[in-house]
file start39.cif (mmCIF, C-alpha atoms and all ligand atoms)
data_run
loop_
_atom_site.label_atom_id
_atom_site.label_comp_id
_atom_site.auth_asym_id
_atom_site.auth_seq_id
_atom_site.Cartn_x
_atom_site.Cartn_y
_atom_site.Cartn_z
CA MET A 1 -56.30 -88.55 159.96
CA THR A 2 -53.68 -90.35 162.03
CA SER A 3 -53.91 -93.81 160.42
CA TYR A 4 -56.18 -95.83 158.19
CA PRO A 5 -59.45 -96.77 159.99
CA LYS A 6 -59.46 -100.28 161.38
CA ILE A 7 -62.21 -102.51 162.79
CA ASN A 8 -61.61 -103.22 166.47
CA ALA A 9 -62.77 -106.86 166.45
CA ARG A 10 -62.43 -107.29 170.21
CA ARG A 11 -64.66 -104.28 170.83
CA LEU A 12 -67.26 -105.51 168.31
CA LEU A 13 -67.33 -109.04 169.76
CA GLN A 14 -67.72 -107.58 173.24
CA ARG A 15 -70.60 -105.37 172.04
CA ILE A 16 -72.37 -108.38 170.50
CA ALA A 17 -71.92 -110.35 173.72
CA ASP A 18 -73.16 -107.38 175.75
CA PHE A 19 -76.29 -106.90 173.62
CA ALA A 20 -76.97 -110.64 173.79
CA THR A 21 -77.60 -110.17 177.53
CA ILE A 22 -80.52 -107.85 176.74
CA GLY A 23 -83.60 -110.08 176.57
CA ALA A 24 -81.36 -113.14 176.94
CA THR A 25 -83.17 -116.50 176.99
CA PRO A 26 -81.99 -119.48 179.07
CA ALA A 27 -81.04 -121.38 175.89
CA GLY A 28 -78.59 -118.68 174.79
CA GLY A 29 -80.81 -116.72 172.42
CA VAL A 30 -82.70 -113.47 172.80
CA ASN A 31 -86.35 -112.47 173.18
CA ARG A 32 -86.30 -108.75 172.31
CA GLN A 33 -89.54 -108.39 170.40
CA ALA A 34 -90.36 -105.09 168.74
CA LEU A 35 -91.17 -102.15 171.08
CA SER A 36 -90.83 -104.39 174.14
CA ILE A 37 -88.81 -103.45 177.22
CA GLY A 38 -85.93 -105.52 175.82
CA ASP A 39 -86.05 -103.66 172.53
CA ARG A 40 -86.12 -100.32 174.36
CA THR A 41 -83.17 -101.36 176.52
CA ALA A 42 -81.10 -102.29 173.47
CA ARG A 43 -81.96 -98.98 171.75
CA ARG A 44 -81.07 -97.11 174.91
CA ARG A 45 -77.73 -98.94 175.22
CA LEU A 46 -76.84 -98.09 171.62
CA ALA A 47 -77.84 -94.44 172.06
CA GLU A 48 -75.68 -94.17 175.20
CA LEU A 49 -72.68 -95.58 173.33
CA ALA A 50 -73.33 -93.10 170.54
CA VAL A 51 -73.59 -90.08 172.83
CA ALA A 52 -70.37 -91.17 174.56
CA ARG A 53 -68.58 -90.95 171.19
CA GLY A 54 -70.09 -87.57 170.36
CA PHE A 55 -72.34 -88.82 167.58
CA ASN A 56 -75.78 -87.26 167.00
CA VAL A 57 -78.76 -89.46 167.92
CA HIS A 58 -82.15 -89.12 166.22
CA GLN A 59 -85.37 -91.06 166.12
CA ASP A 60 -88.51 -90.71 164.02
CA ALA A 61 -92.23 -91.23 164.74
CA ILE A 62 -92.02 -95.02 164.14
CA ALA A 63 -88.95 -95.14 166.44
CA ASN A 64 -86.35 -95.82 163.77
CA LEU A 65 -83.09 -94.94 165.52
CA PHE A 66 -80.35 -93.01 163.67
CA ILE A 67 -76.79 -92.33 164.81
CA ARG A 68 -74.94 -89.78 162.68
CA ARG A 69 -71.25 -88.94 162.18
CA GLU A 70 -70.92 -85.70 160.28
CA GLY A 71 -69.06 -85.58 156.98
CA ARG A 72 -67.32 -82.62 155.35
CA ASP A 73 -70.50 -81.86 153.39
CA PRO A 74 -73.39 -82.19 155.89
CA SER A 75 -75.88 -81.10 153.25
CA SER A 76 -75.28 -84.14 151.00
CA PRO A 77 -77.43 -87.23 151.69
CA PRO A 78 -75.66 -89.53 154.17
CA VAL A 79 -74.48 -93.06 153.60
CA LEU A 80 -76.77 -95.25 155.71
CA ILE A 81 -75.61 -98.55 157.27
CA GLY A 82 -77.34 -100.71 159.85
CA SER A 83 -80.05 -103.32 160.43
CA HIS A 84 -82.45 -104.02 163.33
CA LEU A 85 -82.28 -104.81 167.07
CA ASP A 86 -85.68 -106.43 167.55
CA SER A 87 -85.78 -110.23 167.60
CA GLN A 88 -88.00 -113.26 167.31
CA PRO A 89 -89.41 -114.62 170.62
CA THR A 90 -86.79 -117.37 170.54
CA GLY A 91 -84.36 -115.55 168.30
CA GLY A 92 -80.60 -115.75 167.90
CA ARG A 93 -78.17 -113.15 169.19
CA PHE A 94 -76.95 -112.24 165.68
CA ASP A 95 -80.12 -111.75 163.57
CA GLY A 96 -80.24 -107.95 163.19
CA ALA A 97 -77.88 -107.15 166.05
CA LEU A 98 -74.85 -108.20 164.02
CA GLY A 99 -75.62 -105.69 161.27
CA THR A 100 -76.52 -102.88 163.64
CA LEU A 101 -73.46 -103.33 165.86
CA SER A 102 -71.10 -103.86 162.90
CA ALA A 103 -72.38 -100.57 161.52
CA PHE A 104 -71.76 -98.85 164.86
CA GLU A 105 -68.25 -100.35 164.92
CA VAL A 106 -67.63 -98.75 161.51
CA LEU A 107 -68.59 -95.36 162.95
CA GLU A 108 -66.25 -95.91 165.91
CA ALA A 109 -63.40 -96.99 163.63
CA LEU A 110 -63.82 -93.75 161.65
CA GLU A 111 -63.90 -91.74 164.88
CA ASP A 112 -60.87 -93.55 166.33
CA THR A 113 -58.68 -92.26 163.50
CA GLY A 114 -60.49 -88.97 162.94
CA VAL A 115 -60.87 -89.82 159.27
CA ASP A 116 -62.74 -87.28 157.21
CA THR A 117 -65.46 -88.48 154.84
CA GLU A 118 -67.18 -86.17 152.42
CA ARG A 119 -70.62 -87.61 153.12
CA SER A 120 -71.95 -88.12 156.64
CA VAL A 121 -72.35 -91.74 157.72
CA GLU A 122 -75.46 -92.78 159.64
CA VAL A 123 -76.18 -95.99 161.51
CA VAL A 124 -79.83 -97.04 161.60
CA SER A 125 -81.72 -99.52 163.72
CA TRP A 126 -85.06 -100.14 161.96
CA THR A 127 -88.18 -100.68 164.05
CA ASN A 128 -89.99 -104.04 164.05
CA GLU A 129 -88.18 -105.86 161.26
CA GLU A 130 -89.37 -109.25 162.50
CA GLY A 131 -93.13 -108.70 162.65
CA SER A 132 -93.43 -111.50 165.24
CA ARG A 133 -95.15 -109.39 167.95
CA PHE A 134 -96.81 -106.77 165.73
CA SER A 135 -97.58 -107.67 162.12
CA PRO A 136 -96.44 -106.77 159.51
CA GLY A 137 -92.67 -106.93 159.66
CA CYS A 138 -90.37 -104.15 158.44
CA MET A 139 -92.69 -101.45 159.82
CA GLY A 140 -89.79 -99.00 160.34
CA SER A 141 -88.29 -99.27 156.87
CA MET A 142 -91.75 -99.44 155.26
CA ALA A 143 -92.70 -96.13 156.92
CA PHE A 144 -89.31 -94.63 156.02
CA ILE A 145 -90.02 -95.07 152.30
CA GLY A 146 -93.60 -93.78 152.62
CA ALA A 147 -95.18 -97.24 152.20
CA GLY A 148 -96.22 -97.58 155.85
CA ASP A 149 -99.30 -96.47 157.77
CA ILE A 150 -98.16 -95.25 161.19
CA ALA A 151 -101.60 -93.83 162.04
CA GLY A 152 -103.34 -96.99 160.84
CA TRP A 153 -100.97 -99.22 162.83
CA GLN A 154 -101.63 -97.49 166.19
CA ASP A 155 -104.45 -99.85 167.21
CA THR A 156 -102.70 -103.01 166.04
CA ARG A 157 -102.68 -105.57 168.84
CA GLY A 158 -99.54 -107.59 169.51
CA THR A 159 -99.50 -111.31 170.17
CA ASP A 160 -99.47 -110.33 173.87
CA GLY A 161 -102.49 -108.06 173.46
CA ALA A 162 -100.47 -104.86 173.80
CA ARG A 163 -101.58 -101.89 171.65
CA LEU A 164 -98.87 -100.81 169.23
CA GLY A 165 -99.53 -97.08 169.77
CA ASP A 166 -98.94 -97.41 173.53
CA GLU A 167 -95.75 -99.43 173.07
CA LEU A 168 -94.47 -97.03 170.41
CA ALA A 169 -95.09 -93.99 172.65
CA ALA A 170 -93.26 -95.65 175.54
CA THR A 171 -90.35 -96.53 173.26
CA LEU A 172 -90.00 -92.97 171.97
CA LYS A 173 -90.28 -91.62 175.52
CA ALA A 174 -87.56 -93.98 176.70
CA LEU A 175 -85.02 -92.13 174.56
CA PRO A 176 -85.45 -88.41 175.40
CA GLU A 177 -81.93 -87.55 174.19
CA ALA A 178 -82.77 -88.72 170.66
CA ARG A 179 -83.79 -85.70 168.62
CA MET A 180 -86.98 -86.27 166.65
CA ARG A 181 -86.72 -86.12 162.86
CA PRO A 182 -89.34 -86.54 160.13
CA VAL A 183 -90.00 -90.07 158.85
CA GLY A 184 -87.93 -90.56 155.71
CA HIS A 185 -84.96 -88.55 154.46
CA ALA A 186 -82.65 -88.62 151.45
CA VAL A 187 -79.99 -91.30 151.63
CA SER A 188 -77.12 -91.65 149.15
CA ALA A 189 -76.86 -95.43 149.67
CA PHE A 190 -77.84 -98.11 152.18
CA VAL A 191 -75.79 -101.21 153.01
CA GLU A 192 -76.89 -103.86 155.53
CA VAL A 193 -74.73 -106.60 157.00
CA HIS A 194 -76.74 -109.66 158.03
CA ILE A 195 -76.27 -113.37 158.66
CA GLU A 196 -77.34 -115.44 155.67
CA GLN A 197 -79.84 -117.43 157.72
CA GLY A 198 -79.26 -120.27 155.28
CA PRO A 199 -76.50 -122.84 154.50
CA VAL A 200 -75.14 -121.64 151.14
CA LEU A 201 -72.06 -119.64 152.22
CA GLU A 202 -71.01 -122.12 154.90
CA ARG A 203 -71.29 -125.06 152.46
CA ALA A 204 -69.28 -123.12 149.85
CA GLY A 205 -66.66 -122.16 152.46
CA ILE A 206 -67.01 -118.51 151.42
CA PRO A 207 -67.01 -115.75 154.06
CA ILE A 208 -68.97 -113.02 152.25
CA GLY A 209 -72.24 -113.07 150.32
CA LEU A 210 -72.93 -110.32 147.78
CA VAL A 211 -76.70 -110.22 148.05
CA THR A 212 -78.21 -109.37 144.68
CA GLY A 213 -81.86 -109.51 145.72
CA VAL A 214 -84.55 -110.85 148.05
CA GLN A 215 -87.31 -113.36 147.30
CA GLY A 216 -90.97 -112.41 147.76
CA THR A 217 -92.95 -112.99 150.96
CA ARG A 218 -96.66 -113.08 151.76
CA TRP A 219 -98.34 -113.60 155.14
CA LEU A 220 -101.91 -114.92 155.24
CA VAL A 221 -104.15 -115.39 158.30
CA VAL A 222 -106.73 -118.17 157.80
CA SER A 223 -109.73 -118.55 160.13
CA PHE A 224 -112.06 -121.57 160.05
CA SER A 225 -115.29 -121.04 162.03
CA GLY A 226 -117.62 -123.91 162.98
CA GLU A 227 -119.82 -124.74 165.93
CA ALA A 228 -118.60 -125.39 169.46
CA ALA A 229 -120.10 -128.64 170.73
CA HIS A 230 -119.61 -131.36 173.31
CA ALA A 231 -116.66 -133.65 172.59
CA GLY A 232 -118.45 -136.66 174.04
CA THR A 233 -121.98 -136.40 172.73
CA THR A 234 -121.51 -135.10 169.17
CA PRO A 235 -121.24 -137.80 166.49
CA LEU A 236 -119.26 -137.15 163.30
CA GLU A 237 -122.23 -136.31 161.08
CA PHE A 238 -123.30 -133.50 163.46
CA ARG A 239 -119.89 -131.92 163.78
CA LYS A 240 -118.97 -128.54 162.26
CA ASP A 241 -115.37 -128.84 163.36
CA PRO A 242 -112.98 -126.06 162.24
CA MET A 243 -109.97 -128.01 163.58
CA ALA A 244 -110.74 -130.94 161.26
CA ALA A 245 -111.03 -128.46 158.37
CA ALA A 246 -107.79 -126.68 159.28
CA VAL A 247 -105.75 -129.86 159.71
CA ALA A 248 -107.04 -131.26 156.39
CA ALA A 249 -106.27 -128.03 154.51
CA ILE A 250 -102.77 -127.71 156.01
CA ALA A 251 -101.98 -131.38 155.31
CA GLN A 252 -103.09 -130.99 151.69
CA LEU A 253 -101.04 -127.78 151.22
CA GLN A 254 -97.94 -129.47 152.66
CA LEU A 255 -98.47 -132.20 150.04
CA VAL A 256 -98.94 -129.98 146.98
CA VAL A 257 -96.80 -126.81 147.44
CA MET A 258 -93.19 -127.45 148.49
CA PRO A 259 -92.84 -130.97 146.98
CA ALA A 260 -93.91 -129.53 143.62
CA ASP A 261 -91.38 -126.67 143.59
CA PRO A 262 -88.00 -126.72 145.42
CA MET A 263 -87.95 -122.91 145.41
CA ALA A 264 -91.32 -122.62 147.20
CA ARG A 265 -91.60 -122.18 150.99
CA LEU A 266 -94.83 -122.60 152.96
CA THR A 267 -94.85 -122.35 156.77
CA VAL A 268 -97.69 -122.55 159.29
CA GLY A 269 -96.01 -120.93 162.28
CA ARG A 270 -98.79 -119.84 164.60
CA MET A 271 -102.20 -121.34 165.45
CA SER A 272 -104.90 -120.35 167.92
CA VAL A 273 -107.96 -122.39 168.94
CA GLU A 274 -111.14 -121.05 170.54
CA PRO A 275 -112.36 -121.84 173.15
CA SER A 276 -109.33 -124.15 173.46
CA SER A 277 -110.82 -126.58 175.94
CA VAL A 278 -109.94 -130.27 175.99
CA ASN A 279 -113.56 -131.44 175.76
CA VAL A 280 -115.07 -128.84 173.42
CA ILE A 281 -115.14 -129.10 169.64
CA PRO A 282 -113.60 -125.74 168.71
CA SER A 283 -115.70 -122.85 167.48
CA ARG A 284 -112.81 -121.26 165.61
CA VAL A 285 -109.25 -122.15 164.51
CA THR A 286 -106.96 -119.43 163.20
CA PHE A 287 -103.48 -119.94 161.76
CA THR A 288 -100.82 -118.02 159.85
CA ILE A 289 -99.26 -119.05 156.53
CA ASP A 290 -95.91 -117.59 155.46
CA ILE A 291 -95.16 -118.20 151.76
CA ARG A 292 -91.95 -117.33 149.89
CA HIS A 293 -90.76 -117.54 146.30
CA PRO A 294 -88.34 -115.64 144.02
CA GLN A 295 -91.10 -115.21 141.41
CA GLU A 296 -94.15 -113.03 142.11
CA ASP A 297 -96.41 -114.94 139.70
CA VAL A 298 -95.63 -118.21 141.49
CA LEU A 299 -96.39 -116.56 144.85
CA SER A 300 -99.80 -115.62 143.42
CA SER A 301 -100.46 -119.16 142.23
CA ILE A 302 -99.49 -120.57 145.64
CA GLU A 303 -101.86 -118.05 147.24
CA ALA A 304 -104.62 -119.23 144.86
CA GLN A 305 -103.86 -122.85 145.83
CA ILE A 306 -104.20 -121.94 149.52
CA ASP A 307 -107.52 -120.25 148.82
CA ALA A 308 -108.85 -123.26 146.87
CA GLU A 309 -107.70 -125.89 149.38
CA CYS A 310 -109.08 -123.95 152.35
CA ARG A 311 -112.45 -123.36 150.68
CA ALA A 312 -112.72 -127.03 149.65
CA SER A 313 -111.92 -128.14 153.18
CA ALA A 314 -114.41 -125.66 154.66
CA THR A 315 -117.18 -127.00 152.40
CA HIS A 316 -116.33 -130.62 153.20
CA HIS A 317 -116.39 -129.97 156.95
CA MET A 318 -119.47 -127.65 156.79
CA VAL A 319 -117.63 -124.67 158.32
CA GLU A 320 -116.86 -121.10 157.20
CA VAL A 321 -113.42 -119.88 156.15
CA HIS A 322 -112.01 -116.34 156.08
CA ILE A 323 -108.56 -115.49 154.68
CA GLU A 324 -106.75 -112.17 155.22
CA LYS A 325 -103.42 -111.05 153.77
CA HIS A 326 -101.23 -109.24 156.33
CA PHE A 327 -97.97 -108.83 154.43
CA ASP A 328 -97.14 -108.74 150.75
CA LEU A 329 -93.51 -108.16 149.85
CA ALA A 330 -92.68 -108.48 146.15
CA PRO A 331 -89.33 -110.03 145.21
CA GLY A 332 -86.73 -107.32 144.60
CA LYS A 333 -83.26 -106.76 143.22
CA PHE A 334 -80.48 -104.70 144.77
CA ASP A 335 -78.48 -102.02 143.00
CA VAL A 336 -75.73 -103.53 140.83
CA ALA A 337 -73.48 -100.50 141.41
CA ILE A 338 -73.62 -100.98 145.18
CA VAL A 339 -73.01 -104.72 144.81
CA ASP A 340 -69.92 -103.78 142.78
CA VAL A 341 -68.71 -101.36 145.48
CA ILE A 342 -68.92 -104.23 148.00
CA ASP A 343 -67.22 -106.60 145.55
CA ASN A 344 -64.36 -104.11 145.03
CA ALA A 345 -64.04 -103.67 148.80
CA CYS A 346 -63.69 -107.46 149.11
CA GLU A 347 -61.02 -107.46 146.42
CA ARG A 348 -58.99 -104.77 148.18
CA LEU A 349 -59.27 -106.76 151.39
CA GLY A 350 -58.43 -110.06 149.65
CA VAL A 351 -61.74 -111.57 150.77
CA SER A 352 -63.54 -114.13 148.58
CA ASN A 353 -67.26 -113.75 147.98
CA MET A 354 -70.17 -115.14 146.00
CA LYS A 355 -73.47 -113.72 144.79
CA LEU A 356 -76.76 -115.00 146.17
CA VAL A 357 -80.42 -114.09 146.61
CA SER A 358 -81.75 -113.76 150.16
CA GLY A 359 -84.34 -116.29 151.31
CA ALA A 360 -85.20 -114.02 154.24
CA PHE A 361 -86.75 -110.60 153.80
CA HIS A 362 -84.88 -107.56 155.11
CA ASP A 363 -85.36 -103.83 155.65
CA ALA A 364 -82.89 -103.36 152.80
CA LEU A 365 -85.55 -104.54 150.35
CA PHE A 366 -87.78 -101.61 151.31
CA VAL A 367 -84.95 -99.09 151.37
CA SER A 368 -83.91 -100.26 147.88
CA LYS A 369 -87.09 -98.61 146.57
CA VAL A 370 -85.74 -95.13 147.48
CA ALA A 371 -81.95 -95.43 147.51
CA PRO A 372 -79.19 -97.53 145.92
CA THR A 373 -79.00 -100.51 148.29
CA ALA A 374 -77.32 -103.87 148.73
CA MET A 375 -76.48 -106.35 151.52
CA ILE A 376 -73.44 -108.17 152.82
CA PHE A 377 -74.07 -111.69 154.17
CA VAL A 378 -71.86 -113.66 156.50
CA PRO A 379 -72.28 -117.42 157.08
CA CYS A 380 -74.07 -118.79 160.13
CA ARG A 381 -73.51 -122.29 161.51
CA ASP A 382 -75.63 -124.93 159.72
CA GLY A 383 -77.62 -122.06 158.24
CA ILE A 384 -79.69 -122.02 161.44
CA SER A 385 -81.54 -118.82 162.36
CA HIS A 386 -84.77 -117.81 164.11
CA ASN A 387 -83.43 -120.28 166.65
CA GLU A 388 -81.55 -119.67 169.91
CA ALA A 389 -78.70 -121.84 168.63
CA GLU A 390 -77.87 -119.27 165.90
CA PHE A 391 -74.06 -118.86 165.71
CA VAL A 392 -71.48 -116.88 163.74
CA THR A 393 -67.70 -117.30 164.11
CA SER A 394 -65.63 -114.36 165.36
CA GLU A 395 -63.64 -114.57 162.13
CA HIS A 396 -66.76 -114.05 159.98
CA ILE A 397 -67.99 -111.25 162.24
CA GLU A 398 -64.69 -109.44 161.77
CA ILE A 399 -64.58 -110.00 158.00
CA GLY A 400 -68.16 -108.73 157.62
CA ALA A 401 -67.37 -105.55 159.55
CA LYS A 402 -64.15 -104.97 157.59
CA VAL A 403 -66.01 -105.25 154.29
CA LEU A 404 -68.69 -102.89 155.59
CA LEU A 405 -66.03 -100.35 156.66
CA GLU A 406 -64.30 -100.49 153.28
CA THR A 407 -67.65 -100.21 151.51
CA ALA A 408 -68.79 -97.27 153.65
CA LEU A 409 -65.51 -95.42 153.01
CA SER A 410 -65.98 -95.84 149.27
CA LEU A 411 -69.58 -94.66 149.36
CA ALA A 412 -68.88 -91.76 151.74
CA ARG A 413 -65.89 -90.73 149.65
CA GLY A 414 -63.39 -91.25 152.38
CA PRO A 415 -59.92 -92.68 151.84
CA ILE A 416 -59.86 -96.27 150.54
CA LEU A 417 -57.29 -99.03 150.93
CA ASN A 418 -54.23 -98.80 148.63
CA ALA A 419 -55.78 -95.84 146.85
CA PRO A 420 -53.45 -94.81 143.95
O1 LIG B 1 -88.87 -113.56 158.15
C1 LIG B 1 -87.86 -113.09 157.62
O2 LIG B 1 -87.51 -113.38 156.49
C2 LIG B 1 -86.98 -112.12 158.38
O3 LIG B 1 -85.90 -112.85 158.89
N1 LIG B 1 -87.66 -111.47 159.46
MN MN B 2 -83.07 -110.00 160.47
MN MN B 3 -85.24 -112.47 161.55
#
call {"tool": "encode", "arguments": {"input": "start39.cif", "output": "structure tokens", "more": "lines below"}}
Ligand code: HGY
Ligand code: MN
Ligand code: MN
result
Amino acid sequence: MTSYPKINARRLLQRIADFATIGATPAGGVNRQALSIGDRTARRRLAELAVARGFNVHQDAIANLFIRREGRDPSSPPVLIGSHLDSQPTGGRFDGALGTLSAFEVLEALEDTGVDTERSVEVVSWTNEEGSRFSPGCMGSMAFIGAGDIAGWQDTRGTDGARLGDELAATLKALPEARMRPVGHAVSAFVEVHIEQGPVLERAGIPIGLVTGVQGTRWLVVSFSGEAAHAGTTPLEFRKDPMAAAVAAIAQLQLVVMPADPMARLTVGRMSVEPSSVNVIPSRVTFTIDIRHPQEDVLSSIEAQIDAECRASATHHMVEVHIEKHFDLAPGKFDVAIVDVIDNACERLGVSNMKLVSGAFHDALFVSKVAPTAMIFVPCRDGISHNEAEFVTSEHIEIGAKVLLETALSLARGPILNAP
């Protein structure tokens, strides 16, 4: 080892700017939805960078991408670091990409100084964290821990009508130099850097969040079915209008859920109307509901409220209602020992931090079921995310990567700062 490994901030910032051109949107964000051409291009770019540094590149049957730097003991489970490269349709350039590229920068910093770690260090880019094109989210990490259904997901249709199996095959094919590996392997620890996607760190003026856990998430798809009819000739008493039922149910839920509990989150993010003609009373209205809460029992009571309000509205408007659950992620806690390793890394670096629970779900929550896991948050401007205006300062990007490097060295049993 020539010198102590150091994050090359300029290189990392350049990488982030470079990846932001892949699927770039006119408003400065990215549209790199899972298994799309943009997602494949980003994976390809990362694999090319990895091969150029002599790292091993692997992918599995759900297209999770792994980049490995061998340790002294290749047989011991690697330290895994990383995040995701897929984005929302109008996503920011940092959500996922920051964690994945910071992890790759850690690997490069180790390689730059030839430092030896006992454990191998692997960078991962998880497939379909967002779930915006193909539901559910976190498909890659879910499959990795044996909680997914790769065969069952093959015929899933994306919001653009594409078949998941076809897109997945094309994605795997687009990276021939990535050696295939089985889905799921032993990991000694997993650490993910991510933007907070909320305002807490920025308001506190603290650069690092020690994420102790993640709140629960459920995704419901509600369909009201009525009777298509003429907009001009059908009086109120003859209408079986699913739009009237949907609007009434949503309005009622907005009144009773979040105002009653400041920790509750309820979002109707997507709606489709059939036949969607200006002068036809719809036959069917379908919409999604995303609910979040730190307590699982409260999530269940919110779900029961949704069921009751939708059924009451369906009865009142003489239509049918059908509710499906597409995602059910219980709240979870991260490993205290890994949180401590990150905390100690911050101390050695002289970086202040604070503990917090994540409002967003992350692949780390799934991985925490099979390996000691925790996350490192950095602030984002005004807490804005899932928005093209998402922004992180260069200073916070650098601090996040430095803490990740220090943490990875501890976990991989490499040298650590000011070691006695
Ligand atoms: O929706 C989420 O919480 C994550 O950011 N995909
Ligand atoms: Mn994310
Ligand atoms: Mn996201």
call {"tool": "residues_around", "arguments": {"input": "start39.cif", "residues": "A:Pro136", "least_positions_apart": "5", "cutoff": "7 Å", "atoms": "only C-alpha atoms", "output": "VMD selection string"}}
result
chain A and resid 131 326 to 327
call {"tool": "residues_near_ligand", "arguments": {"input": "start39.cif", "ligand": "ligand LIG 1 (chain B)", "cutoff": "8 Å", "atoms": "only C-alpha atoms and all ligand atoms", "output": "list of chain:residue names"}}
result
A:Asp95, A:Glu129, A:Glu130, A:Gly131, A:Gly137, A:Cys138, A:Gln197, A:Thr217, A:Gly359, A:Ala360, A:Phe361, A:His362, A:His386
call {"tool": "write_last_selection", "arguments": {"input": "start39.cif", "atoms": "C-alpha atoms", "output": "JSON list (two decimals), in the coordinates of the input"}}
result
[["chain", "number", "residue", "atom", "x", "y", "z"],
["A", 95, "ASP", "CA", -80.12, -111.75, 163.57],
["A", 129, "GLU", "CA", -88.18, -105.86, 161.26],
["A", 130, "GLU", "CA", -89.37, -109.25, 162.50],
["A", 131, "GLY", "CA", -93.13, -108.70, 162.65],
["A", 137, "GLY", "CA", -92.67, -106.93, 159.66],
["A", 138, "CYS", "CA", -90.37, -104.15, 158.44],
["A", 197, "GLN", "CA", -79.84, -117.43, 157.72],
["A", 217, "THR", "CA", -92.95, -112.99, 150.96],
["A", 359, "GLY", "CA", -84.34, -116.29, 151.31],
["A", 360, "ALA", "CA", -85.20, -114.02, 154.24],
["A", 361, "PHE", "CA", -86.75, -110.60, 153.80],
["A", 362, "HIS", "CA", -84.88, -107.56, 155.11],
["A", 386, "HIS", "CA", -84.77, -117.81, 164.11]]
call {"tool": "residues_around", "arguments": {"input": "start39.cif", "residues": "stretch 394-405 of chain A", "least_positions_apart": "4", "cutoff": "8 Å", "atoms": "only C-alpha atoms", "output": "ChimeraX atom specification"}}
result
/A:6-7,9,13,98,102-103,105-106,191,193,207-208,342,345-346,349,351,376-379,409
call {"tool": "closest_residue", "arguments": {"input": "start39.cif", "among": "A:Asp328, A:Asp116, A:Asp86, A:Asp335", "to": "A:Ala42", "atoms": "all atoms listed in the file"}}
result
A:Asp86
call {"tool": "residues_around", "arguments": {"input": "start39.cif", "residues": "A:Arg179", "least_positions_apart": "3", "cutoff": "7 Å", "atoms": "only C-alpha atoms", "output": "PDB file with C-alpha atoms, in the frame of the given file"}}
result
ATOM      1  CA  VAL A  57     -78.760 -89.460 167.920  1.00  0.00           C
ATOM      2  CA  HIS A  58     -82.150 -89.120 166.220  1.00  0.00           C
ATOM      3  CA  GLN A  59     -85.370 -91.060 166.120  1.00  0.00           C
TER       4      GLN A  59
END
call {"tool": "atom_distance", "arguments": {"input": "start39.cif", "atom1": "atom CA of A:Val278", "atom2": "atom CA of A:Glu227"}}
result
15.1 Å
call {"tool": "closest_residue", "arguments": {"input": "start39.cif", "among": "A:Arg40, A:Arg181, A:His194, A:Arg10", "to": "ligand MN 3 (chain B)", "atoms": "all atoms listed in the file"}}
result
A:His194
call {"tool": "residues_around", "arguments": {"input": "start39.cif", "residues": "A:Gly91", "least_positions_apart": "3", "cutoff": "12 Å", "atoms": "all atoms listed in the file", "output": "PDB file with C-alpha atoms, in the frame of the given file"}}
result
ATOM      1  CA  ALA A  20     -76.970-110.640 173.790  1.00  0.00           C
ATOM      2  CA  GLY A  23     -83.600-110.080 176.570  1.00  0.00           C
ATOM      3  CA  ALA A  24     -81.360-113.140 176.940  1.00  0.00           C
ATOM      4  CA  THR A  25     -83.170-116.500 176.990  1.00  0.00           C
ATOM      5  CA  PRO A  26     -81.990-119.480 179.070  1.00  0.00           C
ATOM      6  CA  ALA A  27     -81.040-121.380 175.890  1.00  0.00           C
ATOM      7  CA  GLY A  28     -78.590-118.680 174.790  1.00  0.00           C
ATOM      8  CA  GLY A  29     -80.810-116.720 172.420  1.00  0.00           C
ATOM      9  CA  VAL A  30     -82.700-113.470 172.800  1.00  0.00           C
ATOM     10  CA  ASN A  31     -86.350-112.470 173.180  1.00  0.00           C
ATOM     11  CA  ARG A  32     -86.300-108.750 172.310  1.00  0.00           C
ATOM     12  CA  GLN A  33     -89.540-108.390 170.400  1.00  0.00           C
ATOM     13  CA  LEU A  85     -82.280-104.810 167.070  1.00  0.00           C
ATOM     14  CA  ASP A  86     -85.680-106.430 167.550  1.00  0.00           C
ATOM     15  CA  SER A  87     -85.780-110.230 167.600  1.00  0.00           C
ATOM     16  CA  GLN A  88     -88.000-113.260 167.310  1.00  0.00           C
ATOM     17  CA  PHE A  94     -76.950-112.240 165.680  1.00  0.00           C
ATOM     18  CA  ASP A  95     -80.120-111.750 163.570  1.00  0.00           C
ATOM     19  CA  GLY A  96     -80.240-107.950 163.190  1.00  0.00           C
ATOM     20  CA  ALA A  97     -77.880-107.150 166.050  1.00  0.00           C
ATOM     21  CA  GLU A 130     -89.370-109.250 162.500  1.00  0.00           C
ATOM     22  CA  SER A 132     -93.430-111.500 165.240  1.00  0.00           C
ATOM     23  CA  GLN A 197     -79.840-117.430 157.720  1.00  0.00           C
ATOM     24  CA  ILE A 384     -79.690-122.020 161.440  1.00  0.00           C
ATOM     25  CA  SER A 385     -81.540-118.820 162.360  1.00  0.00           C
ATOM     26  CA  HIS A 386     -84.770-117.810 164.110  1.00  0.00           C
ATOM     27  CA  ASN A 387     -83.430-120.280 166.650  1.00  0.00           C
ATOM     28  CA  GLU A 388     -81.550-119.670 169.910  1.00  0.00           C
ATOM     29  CA  ALA A 389     -78.700-121.840 168.630  1.00  0.00           C
ATOM     30  CA  GLU A 390     -77.870-119.270 165.900  1.00  0.00           C
ATOM     31  CA  PHE A 391     -74.060-118.860 165.710  1.00  0.00           C
TER      32      PHE A 391
END
call {"tool": "closest_residue", "arguments": {"input": "start39.cif", "among": "A:Trp126, A:Phe366, A:Phe144, A:Phe238", "to": "ligand MN 2 (chain B)", "atoms": "all atoms listed in the file"}}
result
A:Trp126
